[in-house]
Amino acid sequence: MPPKKKYDGVDVKVRLEGDLEDRFVTLCEDWKVSQFLENITSLLLEEMKNQSYNVILTYDQLPPEVLEYEEEFGNRILSCKELVLQTKGQAYNRGVNRETQVETSIESTEKPYSWIYNLDDDVKNRQMKEKDVARIALCLDDLKMMTKFTLMTGLGFKKGEIEIAMSNSKGQDMDWCADLLFRWVYKNTSEATFRVLLEQMRIVEDLKPGTGDWEKIKKVVLLSGSSTNGK
């Protein structure tokens with residue numbers, strides 16, 4: 001399988017909340033929010049440089065998204081409308097236009113998957129084994145069909161493939177979602193990593209909170225490196 005395309009840099013519109021002036025900054029997919037914040041002093045007025053900021057990505061059809069400090073931008077910079085810098089502790093004004101703004105409060109509470117950003121890269125990039133897949137499948141067992149469907153499309157399965165797996169699982173002990181997870185690992189081998197799976201789960205969690213038990217998923221990820229994990 002050819003490697004996924006990585007963009008050297010994408011020009012993203014950046015705005016200080018409450019400021020009407022638009023600026024453009026070149027961001028890379030593998031940049032973390034912390035790196036971006038360390039390199040934006042040229043955008044800030046002198047009295048603003050010692051303040052702490054939330055970094056918010058806005059989209060045309062999706063709700064705004066608050067990024068964690070050690071979170072990578074990833075391919076979201078290709079689809080976002082703009083990046084907004086918001087002074088921490090304030091409510092975000094999501095504008096219908098620049099003249100009339102509708103205030104929308106964004107929760108600053110920690111997300112259930114925030115622990116992902118503290119994982120070492122060698123853990124994130126670890127190739128998933130059969131035991132890892134079985135354990136993750138248990139964590140997803142109680143999810144609604146549409147949530148599982150969305151997750152599987154994020155992993156590259158087409159609608160027809162998912163429907164066939166669902167049909168074949170009728171009367172079987174193994175859930176169709178678990179079956180597709182195994183197929184994903186077998187098909188992608190070294191590219192079937194925790195990083196890829198957790199990123200897709202994070203996206204689904206943001207769209208529909210409650211994507212599995214994140215504490216149990218954390219235990220599975222950490223257990224994957226133990227000597228008893230095997231194949």
# chains A, B, ... in the order shown; residues from 1 in each chain; ligands from 1
$ closest_atom_pairs --of "range 187-211 of chain A" --to "range 151-161 of chain A" --cutoff "9 Å" --atoms "only C-alpha atoms" --output "CSV"
residue,atom,partner,partner_atom,distance
A:Val196,CA,A:Leu155,CA,8.1
A:Leu197,CA,A:Leu155,CA,7.4
A:Gln200,CA,A:Gly154,CA,5.9
A:Met201,CA,A:Leu151,CA,6.5
A:Ile203,CA,A:Leu151,CA,8.6
A:Val204,CA,A:Leu151,CA,6.5
$ write_last_selection --atoms "all heavy atoms" --output "compact mmCIF listing (two decimals), in the first residue's frame"
# COMPACT_ATOMS: atom_id res chain seq x y z
N VAL A 196 -3.52 5.23 14.03
CA VAL A 196 -4.56 5.32 13.00
C VAL A 196 -5.93 5.03 13.59
O VAL A 196 -6.90 5.78 13.37
CB VAL A 196 -4.26 4.36 11.84
CG1 VAL A 196 -5.39 4.38 10.81
CG2 VAL A 196 -2.94 4.72 11.16
N LEU A 197 -6.04 3.96 14.36
CA LEU A 197 -7.33 3.58 14.93
C LEU A 197 -7.83 4.62 15.92
O LEU A 197 -9.00 5.03 15.87
CB LEU A 197 -7.22 2.22 15.62
CG LEU A 197 -8.50 1.73 16.31
CD1 LEU A 197 -9.63 1.56 15.31
CD2 LEU A 197 -8.24 0.43 17.07
N GLN A 200 -9.26 7.77 14.27
CA GLN A 200 -10.61 7.59 13.75
C GLN A 200 -11.64 7.52 14.87
O GLN A 200 -12.75 8.06 14.75
CB GLN A 200 -10.68 6.33 12.89
CG GLN A 200 -9.88 6.42 11.60
CD GLN A 200 -10.29 7.62 10.75
OE1 GLN A 200 -11.47 7.93 10.61
NE2 GLN A 200 -9.31 8.28 10.18
N MET A 201 -11.27 6.90 15.98
CA MET A 201 -12.18 6.83 17.13
C MET A 201 -12.39 8.20 17.74
O MET A 201 -13.49 8.54 18.18
CB MET A 201 -11.63 5.84 18.17
CG MET A 201 -11.63 4.40 17.71
SD MET A 201 -10.95 3.26 18.93
CE MET A 201 -12.18 3.41 20.24
N ILE A 203 -12.30 11.06 16.11
CA ILE A 203 -13.19 11.81 15.21
C ILE A 203 -14.65 11.43 15.46
O ILE A 203 -15.53 12.29 15.55
CB ILE A 203 -12.81 11.53 13.74
CG1 ILE A 203 -11.44 12.15 13.43
CG2 ILE A 203 -13.87 12.09 12.78
CD1 ILE A 203 -10.88 11.79 12.07
N VAL A 204 -14.91 10.13 15.60
CA VAL A 204 -16.28 9.67 15.85
C VAL A 204 -16.76 10.15 17.22
O VAL A 204 -17.92 10.56 17.38
CB VAL A 204 -16.37 8.13 15.76
CG1 VAL A 204 -17.76 7.65 16.12
CG2 VAL A 204 -16.01 7.66 14.36
$ closest_atom_pairs --of "range 51-93 of chain A" --to "range 25-40 of chain A" --cutoff "6 Å" --atoms "only C-alpha atoms" --output "CSV"
residue,atom,partner,partner_atom,distance
A:Tyr69,CA,A:Val33,CA,5.3
A:Glu70,CA,A:Lys32,CA,5.6
A:Glu71,CA,A:Lys32,CA,5.3
A:Glu72,CA,A:Lys32,CA,4.1
A:Phe73,CA,A:Glu29,CA,5.4
A:Gly74,CA,A:Glu29,CA,4.2
A:Asn75,CA,A:Glu29,CA,5.8
$ atom_distance --atom1 "CA of Gly212 in chain A" --atom2 "CA of Cys139 in chain A"
5.5 Å
$ atom_distance --atom1 "CA of Leu198 in chain A" --atom2 "CA of Asp141 in chain A"
16.1 Å
$ residues_around --residues "range 172-183 of chain A" --least-positions-apart "4" --cutoff "7 Å" --atoms "only C-alpha atoms" --output "JSON, numbers by chain"
{"A": [133, 137, 148, 165, 166, 187]}
$ closest_residue --among "A:Lys170, A:Lys144, A:Lys13, A:Arg195" --to "Leu119 in chain A" --atoms "only C-alpha atoms"
A:Arg195
$ atom_distance --atom1 "CA of Leu83 in chain A" --atom2 "CA of Asp121 in chain A"
25.8 Å
